[in-house]
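work.cif (mmCIF, C-alpha atoms)
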data_start
#
loop_
_atom_site.label_atom_id
_atom_site.label_comp_id
_atom_site.auth_asym_id
_atom_site.auth_seq_id
_atom_site.Cartn_x
_atom_site.Cartn_y
_atom_site.Cartn_z
CA MET A 1 -41.02 -130.79 -11.76
CA GLU A 2 -41.27 -131.18 -8.02
CA ALA A 3 -38.97 -133.02 -5.59
CA ILE A 4 -38.81 -134.07 -1.96
CA VAL A 5 -35.40 -134.20 -0.28
CA LEU A 6 -35.15 -136.23 2.92
CA ALA A 7 -32.98 -133.98 5.05
CA GLY A 8 -33.74 -134.99 8.62
CA GLY A 9 -30.91 -137.47 9.18
CA PHE A 10 -28.99 -137.57 12.46
CA GLY A 11 -25.71 -138.59 10.87
CA THR A 12 -24.87 -141.04 13.67
CA ARG A 13 -21.97 -142.66 11.81
CA LEU A 14 -20.46 -139.23 11.08
CA ALA A 15 -20.99 -137.89 14.61
CA HIS A 16 -17.30 -137.91 15.51
CA ILE A 17 -16.51 -135.92 12.32
CA VAL A 18 -19.58 -133.67 11.91
CA SER A 19 -21.50 -133.25 15.15
CA ASP A 20 -23.24 -129.89 15.07
CA VAL A 21 -25.38 -130.05 11.91
CA PRO A 22 -27.82 -132.51 10.31
CA LYS A 23 -26.12 -134.94 7.95
CA PRO A 24 -27.18 -133.20 4.69
CA MET A 25 -25.51 -130.02 5.96
CA ALA A 26 -22.15 -131.73 6.45
CA PRO A 27 -19.57 -129.49 4.76
CA VAL A 28 -18.00 -130.75 1.54
CA CYS A 29 -15.30 -128.48 0.16
CA GLY A 30 -16.70 -125.57 2.12
CA LYS A 31 -20.34 -126.01 1.09
CA PRO A 32 -23.17 -128.00 2.67
CA PHE A 33 -23.64 -131.32 0.87
CA LEU A 34 -27.31 -130.44 0.43
CA GLN A 35 -26.31 -127.45 -1.69
CA TYR A 36 -24.82 -129.75 -4.33
CA ILE A 37 -28.09 -131.67 -4.45
CA LEU A 38 -30.12 -128.48 -4.83
CA ASP A 39 -27.72 -127.23 -7.51
CA ASP A 40 -28.41 -130.38 -9.51
CA LEU A 41 -32.18 -130.04 -9.03
CA ALA A 42 -32.04 -126.46 -10.30
CA ARG A 43 -29.98 -127.56 -13.31
CA GLN A 44 -32.62 -130.16 -14.11
CA LYS A 45 -35.43 -127.57 -14.09
CA VAL A 46 -37.07 -128.64 -10.83
CA THR A 47 -39.15 -125.66 -9.72
CA ARG A 48 -40.35 -126.66 -6.26
CA VAL A 49 -38.58 -128.62 -3.51
CA ILE A 50 -40.07 -129.91 -0.26
CA LEU A 51 -37.33 -130.37 2.32
CA ALA A 52 -38.35 -133.02 4.86
CA VAL A 53 -36.50 -131.81 7.94
CA GLY A 54 -36.30 -132.86 11.57
CA TYR A 55 -33.04 -132.97 13.52
CA LYS A 56 -31.62 -129.43 13.80
CA ALA A 57 -34.00 -128.26 11.08
CA GLU A 58 -33.16 -124.63 11.84
CA CYS A 59 -29.68 -125.16 10.37
CA ILE A 60 -31.23 -125.87 6.99
CA GLU A 61 -34.03 -123.29 7.20
CA THR A 62 -31.75 -120.41 8.13
CA PHE A 63 -29.20 -121.28 5.45
CA PHE A 64 -31.56 -121.72 2.48
CA VAL A 65 -34.66 -119.84 3.72
CA GLY A 66 -37.55 -120.04 1.19
CA SER A 67 -35.90 -120.19 -2.21
CA TYR A 68 -32.73 -121.25 -3.93
CA ARG A 69 -31.66 -120.61 -7.54
CA GLY A 70 -35.22 -119.85 -8.56
CA MET A 71 -36.72 -122.92 -6.86
CA GLU A 72 -39.39 -122.55 -4.20
CA LEU A 73 -38.32 -124.28 -0.99
CA VAL A 74 -41.01 -125.61 1.35
CA TYR A 75 -40.29 -127.23 4.72
CA SER A 76 -42.04 -130.34 6.00
CA LEU A 77 -41.08 -130.53 9.67
CA GLU A 78 -41.07 -133.71 11.76
CA ASP A 79 -41.70 -132.96 15.42
CA LYS A 80 -41.01 -136.63 16.14
CA PRO A 81 -39.21 -139.32 14.11
CA LEU A 82 -41.43 -140.57 11.27
CA LEU A 83 -38.85 -142.80 9.55
CA THR A 84 -38.41 -142.55 5.78
CA GLY A 85 -41.97 -143.53 4.84
CA GLY A 86 -43.65 -141.25 7.32
CA ALA A 87 -41.43 -138.34 6.30
CA ILE A 88 -42.21 -138.90 2.62
CA LYS A 89 -45.94 -139.26 3.22
CA LYS A 90 -46.07 -136.03 5.22
CA ALA A 91 -44.10 -134.18 2.54
CA LEU A 92 -46.28 -135.59 -0.25
CA ALA A 93 -49.27 -133.86 1.34
CA MET A 94 -47.56 -130.56 0.47
CA CYS A 95 -46.89 -131.52 -3.16
CA ARG A 96 -48.86 -130.43 -6.22
CA GLU A 97 -47.59 -132.57 -9.09
CA PRO A 98 -49.10 -136.03 -9.78
CA ASN A 99 -45.60 -137.56 -9.72
CA VAL A 100 -42.85 -136.43 -7.35
CA PHE A 101 -39.11 -137.11 -7.28
CA ILE A 102 -37.73 -138.22 -3.92
CA LEU A 103 -34.05 -138.00 -2.95
CA ASN A 104 -31.96 -138.77 0.11
CA GLY A 105 -30.21 -135.72 1.52
CA ASP A 106 -26.98 -137.64 2.16
CA THR A 107 -26.70 -139.15 -1.32
CA PHE A 108 -25.82 -137.57 -4.64
CA PHE A 109 -26.79 -139.62 -7.69
CA GLN A 110 -26.65 -137.96 -11.09
CA VAL A 111 -29.85 -139.09 -12.80
CA PRO A 112 -31.45 -137.48 -15.89
CA PHE A 113 -34.83 -136.55 -14.44
CA GLN A 114 -36.66 -135.85 -17.69
CA LYS A 115 -35.70 -139.23 -19.16
CA MET A 116 -36.66 -140.95 -15.91
CA ALA A 117 -40.03 -139.15 -15.91
CA LYS A 118 -40.73 -140.20 -19.51
CA ALA A 119 -39.99 -143.85 -18.67
CA HIS A 120 -42.13 -143.62 -15.51
CA CYS A 121 -45.14 -142.33 -17.47
CA ARG A 122 -44.65 -144.69 -20.42
CA GLN A 123 -44.62 -147.71 -18.09
CA GLU A 124 -47.51 -146.35 -16.00
CA ALA A 125 -45.38 -147.00 -12.94
CA LEU A 126 -46.48 -146.37 -9.39
CA LEU A 127 -42.81 -146.13 -8.42
CA THR A 128 -39.64 -145.83 -10.47
CA VAL A 129 -36.32 -146.47 -8.73
CA ALA A 130 -33.05 -145.12 -10.12
CA VAL A 131 -30.50 -147.93 -10.02
CA LYS A 132 -26.78 -148.13 -10.66
CA LYS A 133 -24.47 -150.98 -11.60
CA MET A 134 -21.86 -151.57 -8.93
CA THR A 135 -19.18 -154.17 -8.19
CA HIS A 136 -17.60 -155.47 -4.99
CA PHE A 137 -19.85 -153.87 -2.40
CA ASP A 138 -21.58 -154.74 0.87
CA ARG A 139 -23.20 -151.46 1.97
CA TYR A 140 -26.18 -151.61 -0.41
CA GLY A 141 -29.07 -153.92 -1.13
CA THR A 142 -29.68 -155.00 -4.71
CA VAL A 143 -32.66 -154.69 -7.03
CA GLN A 144 -33.87 -157.79 -8.88
CA LEU A 145 -35.42 -157.23 -12.31
CA ALA A 146 -37.77 -159.15 -14.55
CA GLU A 147 -38.34 -158.21 -18.20
CA SER A 148 -38.61 -154.59 -19.31
CA ASN A 149 -37.01 -153.32 -16.08
CA LEU A 150 -39.98 -154.39 -13.97
CA ILE A 151 -38.74 -154.78 -10.40
CA GLN A 152 -39.22 -158.29 -9.10
CA GLY A 153 -37.76 -157.91 -5.64
CA PHE A 154 -35.19 -156.35 -3.33
CA THR A 155 -32.27 -158.16 -1.68
CA GLU A 156 -30.92 -157.14 1.72
CA LYS A 157 -27.44 -155.70 2.17
CA GLN A 158 -24.79 -158.38 1.82
CA PRO A 159 -21.37 -158.82 0.18
CA CYS A 160 -21.93 -158.79 -3.57
CA GLU A 161 -19.58 -159.19 -6.53
CA ALA A 162 -21.83 -157.25 -8.91
CA GLY A 163 -25.39 -156.02 -9.02
CA LEU A 164 -27.82 -153.16 -9.39
CA ILE A 165 -28.09 -151.02 -6.28
CA ASN A 166 -30.97 -148.78 -5.27
CA GLY A 167 -29.46 -145.32 -5.77
CA GLY A 168 -31.92 -143.54 -3.48
CA VAL A 169 -33.63 -141.48 -6.21
CA TYR A 170 -37.30 -142.26 -6.79
CA LEU A 171 -40.23 -141.03 -8.85
CA LEU A 172 -43.47 -141.77 -7.04
CA GLN A 173 -47.12 -141.16 -7.72
CA ARG A 174 -48.26 -138.59 -5.18
CA SER A 175 -51.12 -140.77 -3.89
CA ALA A 176 -49.05 -143.97 -3.60
CA LEU A 177 -48.79 -143.96 0.21
CA ASN A 178 -52.37 -142.95 0.97
CA PHE A 179 -53.35 -146.52 1.88
CA ILE A 180 -50.85 -146.65 4.76
CA SER A 181 -52.46 -145.49 8.00
CA ALA A 182 -49.32 -145.58 10.17
CA GLU A 183 -47.74 -142.23 10.92
CA ALA A 184 -44.20 -143.60 11.16
CA PHE A 185 -43.03 -146.36 8.81
CA SER A 186 -40.15 -147.35 6.56
CA PHE A 187 -40.48 -146.50 2.89
CA GLU A 188 -38.10 -149.31 2.00
CA THR A 189 -39.45 -152.21 4.06
CA ASP A 190 -43.09 -151.26 4.72
CA PHE A 191 -43.83 -150.00 1.22
CA MET A 192 -41.29 -151.05 -1.38
CA GLU A 193 -40.62 -154.58 -0.17
CA LYS A 194 -44.21 -155.36 0.77
CA GLN A 195 -45.80 -153.95 -2.38
CA VAL A 196 -43.27 -154.94 -5.03
CA GLU A 197 -45.21 -158.04 -6.11
CA LYS A 198 -48.54 -156.21 -6.18
CA GLU A 199 -47.71 -152.91 -7.86
CA ARG A 200 -45.94 -151.59 -10.95
CA PHE A 201 -42.44 -150.79 -9.71
CA TYR A 202 -39.82 -150.16 -12.40
CA ALA A 203 -36.08 -149.54 -12.45
CA PHE A 204 -34.34 -146.75 -14.32
CA LEU A 205 -30.66 -147.39 -14.94
CA SER A 206 -28.28 -144.43 -14.66
CA GLU A 207 -24.52 -144.48 -15.11
CA GLY A 208 -24.18 -141.07 -13.45
CA TYR A 209 -21.90 -140.16 -10.57
CA PHE A 210 -22.93 -141.65 -7.21
CA ILE A 211 -21.77 -140.91 -3.67
CA ASP A 212 -23.34 -141.63 -0.27
CA ILE A 213 -21.67 -139.66 2.53
CA GLY A 214 -23.22 -141.77 5.29
CA VAL A 215 -19.92 -143.31 6.39
CA PRO A 216 -16.60 -141.56 7.09
CA GLU A 217 -14.66 -143.12 4.20
CA ASP A 218 -17.19 -141.99 1.59
CA TYR A 219 -17.52 -138.59 3.24
CA ALA A 220 -13.75 -138.25 2.78
CA LYS A 221 -14.07 -139.40 -0.85
CA ALA A 222 -16.68 -136.69 -1.46
CA GLN A 223 -14.16 -134.07 -0.33
CA GLU A 224 -11.85 -135.20 -3.13
CA ASP A 225 -14.56 -135.64 -5.78
CA PHE A 226 -16.05 -132.17 -5.22
CA LYS A 227 -12.72 -130.40 -4.78
CA ASN A 228 -13.02 -128.62 -8.13
CA ASP A 229 -15.57 -125.86 -7.51
CA GLU A 230 -16.84 -126.22 -11.07
CA LYS A 231 -17.41 -129.90 -10.33
CA SER A 232 -16.19 -130.81 -13.82
CA SER A 233 -15.04 -134.16 -12.45
CA VAL A 234 -18.60 -134.88 -11.34
CA PHE A 235 -20.65 -133.36 -14.14
#
Starting from the file, give its structure as structure tokens.
Amino acid sequence: MEAIVLAGGFGTRLAHIVSDVPKPMAPVCGKPFLQYILDDLARQKVTRVILAVGYKAECIETFFVGSYRGMELVYSLEDKPLLTGGAIKKALAMCREPNVFILNGDTFFQVPFQKMAKAHCRQEALLTVAVKKMTHFDRYGTVQLAESNLIQGFTEKQPCEAGLINGGVYLLQRSALNFISAEAFSFETDFMEKQVEKERFYAFLSEGYFIDIGVPEDYAKAQEDFKNDEKSSVF
């Protein structure tokens, strides 16, 4: 299996806490947050990872170099901001597998990749989105489903009593973005939202652990959740 990790984030909302490294390299219990993500990828038998890097890319490249726990690490470097879609499209050009997992470098979502891949292939999906049930939230948009987990639409961020959130883990056909000519574009608004009624987008529900360190309060929560080095509380 092959995965892209979006690791070029500026970490604007964490700037007063972590200011000298890209957001995925923010330390959590003495280790870069990205290391926990890569640990999980290695556990799930991913063999090749494309790291989409930009802001302070050298911090990531010098720490991980070209391999980690038996996985080949390849770097897709943005020399100018490409937004999420542009970063993914550029990284996809370096991929080999017909379907590629995509993850956000500031989010950890425990998803069983092999089960997700089986569902993706069985449904002949162009895109499969890992979703999680959540209650009392306002930071995340929700995913609207029709029958058989077919995605019907996406709802913008707003206060919500309960719903399925987009967990930021995707399985995408490698050629899915080839029709987009723009160099910089949003994966969420310019691809997912515009194509959801035209293409086969499916949801994959996971009850696994989820944390997004993009805001200070959840970054602090991650410090508690990952305190045990064995991460038994997470895994």
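The residue that comes closest to Ala87 of chain A, out of A:Ala184, A:Ala203, A:Met71, A:Ala3 and on the basis of all atoms listed in the file, is A:Ala184.
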Restricting the calculation to all atoms listed in the file, which member of A:Val131, A:Ala125, A:Ala26, A:Val111 is positioned closest to Ala220 of chain A?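 Among the listed residues, A:Ala26 lies closest to Ala220 of chain A.
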Once you count only C-alpha atoms, what closest atom pair and distance in Å to one decimal does each residue of segment 93-124 of chain A within 10 Å of segment 46-69 of chain A have, with rows by chain and rising residue number, as a tab-separated table?
residue	atom	partner	partner_atom	distance
A:Met94	CA	A:Ile50	CA	7.6
A:Cys95	CA	A:Ile50	CA	7.6
A:Arg96	CA	A:Arg48	CA	9.3
A:Glu97	CA	A:Arg48	CA	9.8
A:Val100	CA	A:Val49	CA	9.7
A:Phe101	CA	A:Val49	CA	9.3
A:Ile102	CA	A:Ile50	CA	9.4
A:Leu103	CA	A:Leu51	CA	9.8
A:Asn104	CA	A:Ala52	CA	9.8
A:Gly105	CA	A:Leu51	CA	8.9
A:Phe113	CA	A:Val46	CA	9.0
A:Gln114	CA	A:Val46	CA	10.0
Mind pulling up the distance from atom CA of Gly168 of chain A to atom CA of Lys90 of chain A?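 Those two atoms sit 18.2 Å apart.
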Leaving out Lys157 of chain A and any residue of its chain fewer than 2 positions from it, which residues lie within 7 Å of it when counting all atoms listed in the file, given as a PyMOL selection string? chain A and resi 138-141+155
Given the selection you just returned, output its residues as a file containing C-alpha atoms, formatted as a compact mmCIF listing (two decimals), in the coordinates of the input.
# COMPACT_ATOMS: atom_id res chain seq x y z
CA ASP A 138 -21.58 -154.74 0.87
CA ARG A 139 -23.20 -151.46 1.97
CA TYR A 140 -26.18 -151.61 -0.41
CA GLY A 141 -29.07 -153.92 -1.13
CA THR A 155 -32.27 -158.16 -1.68
Could you list, as a ChimeraX atom specification, every residue within 9 Å of Gln152 of chain A, counting all atoms listed in the file and ignoring same-chain residues fewer than 4 positions away? /A:143-146,196-197,201-202
For the residues in that selection, give me C-alpha atoms as a CSV table (one decimal), in the coordinates of the input.
chain,number,residue,atom,x,y,z
A,143,VAL,CA,-32.7,-154.7,-7.0
A,144,GLN,CA,-33.9,-157.8,-8.9
A,145,LEU,CA,-35.4,-157.2,-12.3
A,146,ALA,CA,-37.8,-159.2,-14.6
A,196,VAL,CA,-43.3,-154.9,-5.0
A,197,GLU,CA,-45.2,-158.0,-6.1
A,201,PHE,CA,-42.4,-150.8,-9.7
A,202,TYR,CA,-39.8,-150.2,-12.4
Axis-aligned box for all listed atoms of segment 167-185 of chain A, 8 Å per side, centre and edges in Å to one decimal, as AutoDock Vina command-line options:
--center_x -41.4 --center_y -142.6 --center_z 1.2 --size_x 39.9 --size_y 24.1 --size_z 36.0
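If you look at atom CA of Lys45 of chain A and atom CA of Gln110 of chain A, they are 13.9 Å away from each other.
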Run the PyMOL selection byres ((chain A and resi 98) around 6) on the file and write out the hits as a list of chain:residue names.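 For this structure, the PyMOL selection byres ((chain A and resi 98) around 6) captures A:Glu97, A:Asn99, A:Gln173, A:Arg174.
The closest residue to Val21 of chain A, picked from A:Ala182, A:Ile165, A:Leu34, A:Ala117 and counting only C-alpha atoms, is A:Leu34.
Checking A:Ile88, A:Ala162, A:Leu41, A:Ile213 one by one against Lys133 of chain A, counting only C-alpha atoms, you find the shortest gap at A:Ala162.
Using all atoms listed in the file for every distance, the candidate list A:Asp190, A:Gln158, A:Arg200, A:Tyr219 yields A:Arg200 as the residue closest to Arg122 of chain A.
A straight line drawn from atom CA of Leu205 of chain A to atom CA of Met116 of chain A is 8.9 Å long.
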Please evaluate the PyMOL selection byres ((chain A and resi 189) around 12) against the displayed coordinates and give the resulting residues as a count of residues only. 19
Step by step, work through what the PyMOL selection byres ((chain A and resi 208) around 9) selects in the shown file, and finish by giving those residues as an MDAnalysis selection string. chainID A and resid 109:112 132 206:207 209:210 234:235
A:Leu73, A:Leu172, A:Ala222, A:Met1: which is nearest Tyr36 of chain A, counting all atoms listed in the file?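 Ranking A:Leu73, A:Leu172, A:Ala222, A:Met1 by distance to Tyr36 of chain A, first place goes to A:Ala222.
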How about completing segment 72-96 of chain A with N, CA and C atoms and giving it to me as a PDB file, in the coordinates of the input?
ATOM      1  N   GLU A  72     -38.679-122.766  -5.459  1.00  0.00           N
ATOM      2  CA  GLU A  72     -39.390-122.550  -4.200  1.00  0.00           C
ATOM      3  C   GLU A  72     -39.014-123.660  -3.230  1.00  0.00           C
ATOM      4  N   LEU A  73     -38.632-123.296  -2.022  1.00  0.00           N
ATOM      5  CA  LEU A  73     -38.320-124.280  -0.990  1.00  0.00           C
ATOM      6  C   LEU A  73     -39.403-124.265   0.075  1.00  0.00           C
ATOM      7  N   VAL A  74     -39.959-125.441   0.348  1.00  0.00           N
ATOM      8  CA  VAL A  74     -41.010-125.610   1.350  1.00  0.00           C
ATOM      9  C   VAL A  74     -40.498-126.600   2.383  1.00  0.00           C
ATOM     10  N   TYR A  75     -40.812-126.380   3.646  1.00  0.00           N
ATOM     11  CA  TYR A  75     -40.290-127.230   4.720  1.00  0.00           C
ATOM     12  C   TYR A  75     -41.389-128.086   5.327  1.00  0.00           C
ATOM     13  N   SER A  76     -41.151-129.384   5.343  1.00  0.00           N
ATOM     14  CA  SER A  76     -42.040-130.340   6.000  1.00  0.00           C
ATOM     15  C   SER A  76     -41.324-130.800   7.265  1.00  0.00           C
ATOM     16  N   LEU A  77     -41.791-130.336   8.414  1.00  0.00           N
ATOM     17  CA  LEU A  77     -41.080-130.530   9.670  1.00  0.00           C
ATOM     18  C   LEU A  77     -41.615-131.710  10.465  1.00  0.00           C
ATOM     19  N   GLU A  78     -40.722-132.618  10.849  1.00  0.00           N
ATOM     20  CA  GLU A  78     -41.070-133.710  11.760  1.00  0.00           C
ATOM     21  C   GLU A  78     -40.860-133.230  13.191  1.00  0.00           C
ATOM     22  N   ASP A  79     -41.899-133.280  13.998  1.00  0.00           N
ATOM     23  CA  ASP A  79     -41.700-132.960  15.420  1.00  0.00           C
ATOM     24  C   ASP A  79     -41.392-134.205  16.224  1.00  0.00           C
ATOM     25  N   LYS A  80     -41.452-135.362  15.561  1.00  0.00           N
ATOM     26  CA  LYS A  80     -41.010-136.630  16.140  1.00  0.00           C
ATOM     27  C   LYS A  80     -40.572-137.512  14.981  1.00  0.00           C
ATOM     28  N   PRO A  81     -39.712-138.496  15.218  1.00  0.00           N
ATOM     29  CA  PRO A  81     -39.210-139.320  14.110  1.00  0.00           C
ATOM     30  C   PRO A  81     -40.333-140.069  13.394  1.00  0.00           C
ATOM     31  N   LEU A  82     -40.392-139.919  12.082  1.00  0.00           N
ATOM     32  CA  LEU A  82     -41.430-140.570  11.270  1.00  0.00           C
ATOM     33  C   LEU A  82     -40.860-141.671  10.386  1.00  0.00           C
ATOM     34  N   LEU A  83     -39.549-141.878  10.436  1.00  0.00           N
ATOM     35  CA  LEU A  83     -38.850-142.800   9.550  1.00  0.00           C
ATOM     36  C   LEU A  83     -39.020-142.333   8.100  1.00  0.00           C
ATOM     37  N   THR A  84     -38.418-143.038   7.168  1.00  0.00           N
ATOM     38  CA  THR A  84     -38.410-142.550   5.780  1.00  0.00           C
ATOM     39  C   THR A  84     -39.812-142.483   5.184  1.00  0.00           C
ATOM     40  N   GLY A  85     -40.623-143.509   5.423  1.00  0.00           N
ATOM     41  CA  GLY A  85     -41.970-143.530   4.840  1.00  0.00           C
ATOM     42  C   GLY A  85     -42.859-142.441   5.387  1.00  0.00           C
ATOM     43  N   GLY A  86     -42.836-142.277   6.705  1.00  0.00           N
ATOM     44  CA  GLY A  86     -43.650-141.250   7.320  1.00  0.00           C
ATOM     45  C   GLY A  86     -43.240-139.857   6.884  1.00  0.00           C
ATOM     46  N   ALA A  87     -41.928-139.641   6.752  1.00  0.00           N
ATOM     47  CA  ALA A  87     -41.430-138.340   6.300  1.00  0.00           C
ATOM     48  C   ALA A  87     -41.863-138.055   4.871  1.00  0.00           C
ATOM     49  N   ILE A  88     -41.799-139.080   4.016  1.00  0.00           N
ATOM     50  CA  ILE A  88     -42.210-138.900   2.620  1.00  0.00           C
ATOM     51  C   ILE A  88     -43.713-138.648   2.539  1.00  0.00           C
ATOM     52  N   LYS A  89     -44.495-139.429   3.275  1.00  0.00           N
ATOM     53  CA  LYS A  89     -45.940-139.260   3.220  1.00  0.00           C
ATOM     54  C   LYS A  89     -46.356-137.856   3.677  1.00  0.00           C
ATOM     55  N   LYS A  90     -45.740-137.374   4.724  1.00  0.00           N
ATOM     56  CA  LYS A  90     -46.070-136.030   5.220  1.00  0.00           C
ATOM     57  C   LYS A  90     -45.689-134.980   4.179  1.00  0.00           C
ATOM     58  N   ALA A  91     -44.534-135.139   3.559  1.00  0.00           N
ATOM     59  CA  ALA A  91     -44.100-134.180   2.540  1.00  0.00           C
ATOM     60  C   ALA A  91     -44.966-134.250   1.287  1.00  0.00           C
ATOM     61  N   LEU A  92     -45.423-135.440   0.931  1.00  0.00           N
ATOM     62  CA  LEU A  92     -46.280-135.590  -0.250  1.00  0.00           C
ATOM     63  C   LEU A  92     -47.578-134.796  -0.118  1.00  0.00           C
ATOM     64  N   ALA A  93     -48.047-134.632   1.114  1.00  0.00           N
ATOM     65  CA  ALA A  93     -49.270-133.860   1.340  1.00  0.00           C
ATOM     66  C   ALA A  93     -49.097-132.392   0.967  1.00  0.00           C
ATOM     67  N   MET A  94     -47.849-131.953   0.823  1.00  0.00           N
ATOM     68  CA  MET A  94     -47.560-130.560   0.470  1.00  0.00           C
ATOM     69  C   MET A  94     -47.240-130.422  -1.014  1.00  0.00           C
ATOM     70  N   CYS A  95     -47.253-131.535  -1.739  1.00  0.00           N
ATOM     71  CA  CYS A  95     -46.890-131.520  -3.160  1.00  0.00           C
ATOM     72  C   CYS A  95     -48.101-131.215  -4.040  1.00  0.00           C
ATOM     73  N   ARG A  96     -47.819-130.807  -5.269  1.00  0.00           N
ATOM     74  CA  ARG A  96     -48.860-130.430  -6.220  1.00  0.00           C
ATOM     75  C   ARG A  96     -48.869-131.299  -7.470  1.00  0.00           C
TER      76      ARG A  96
END
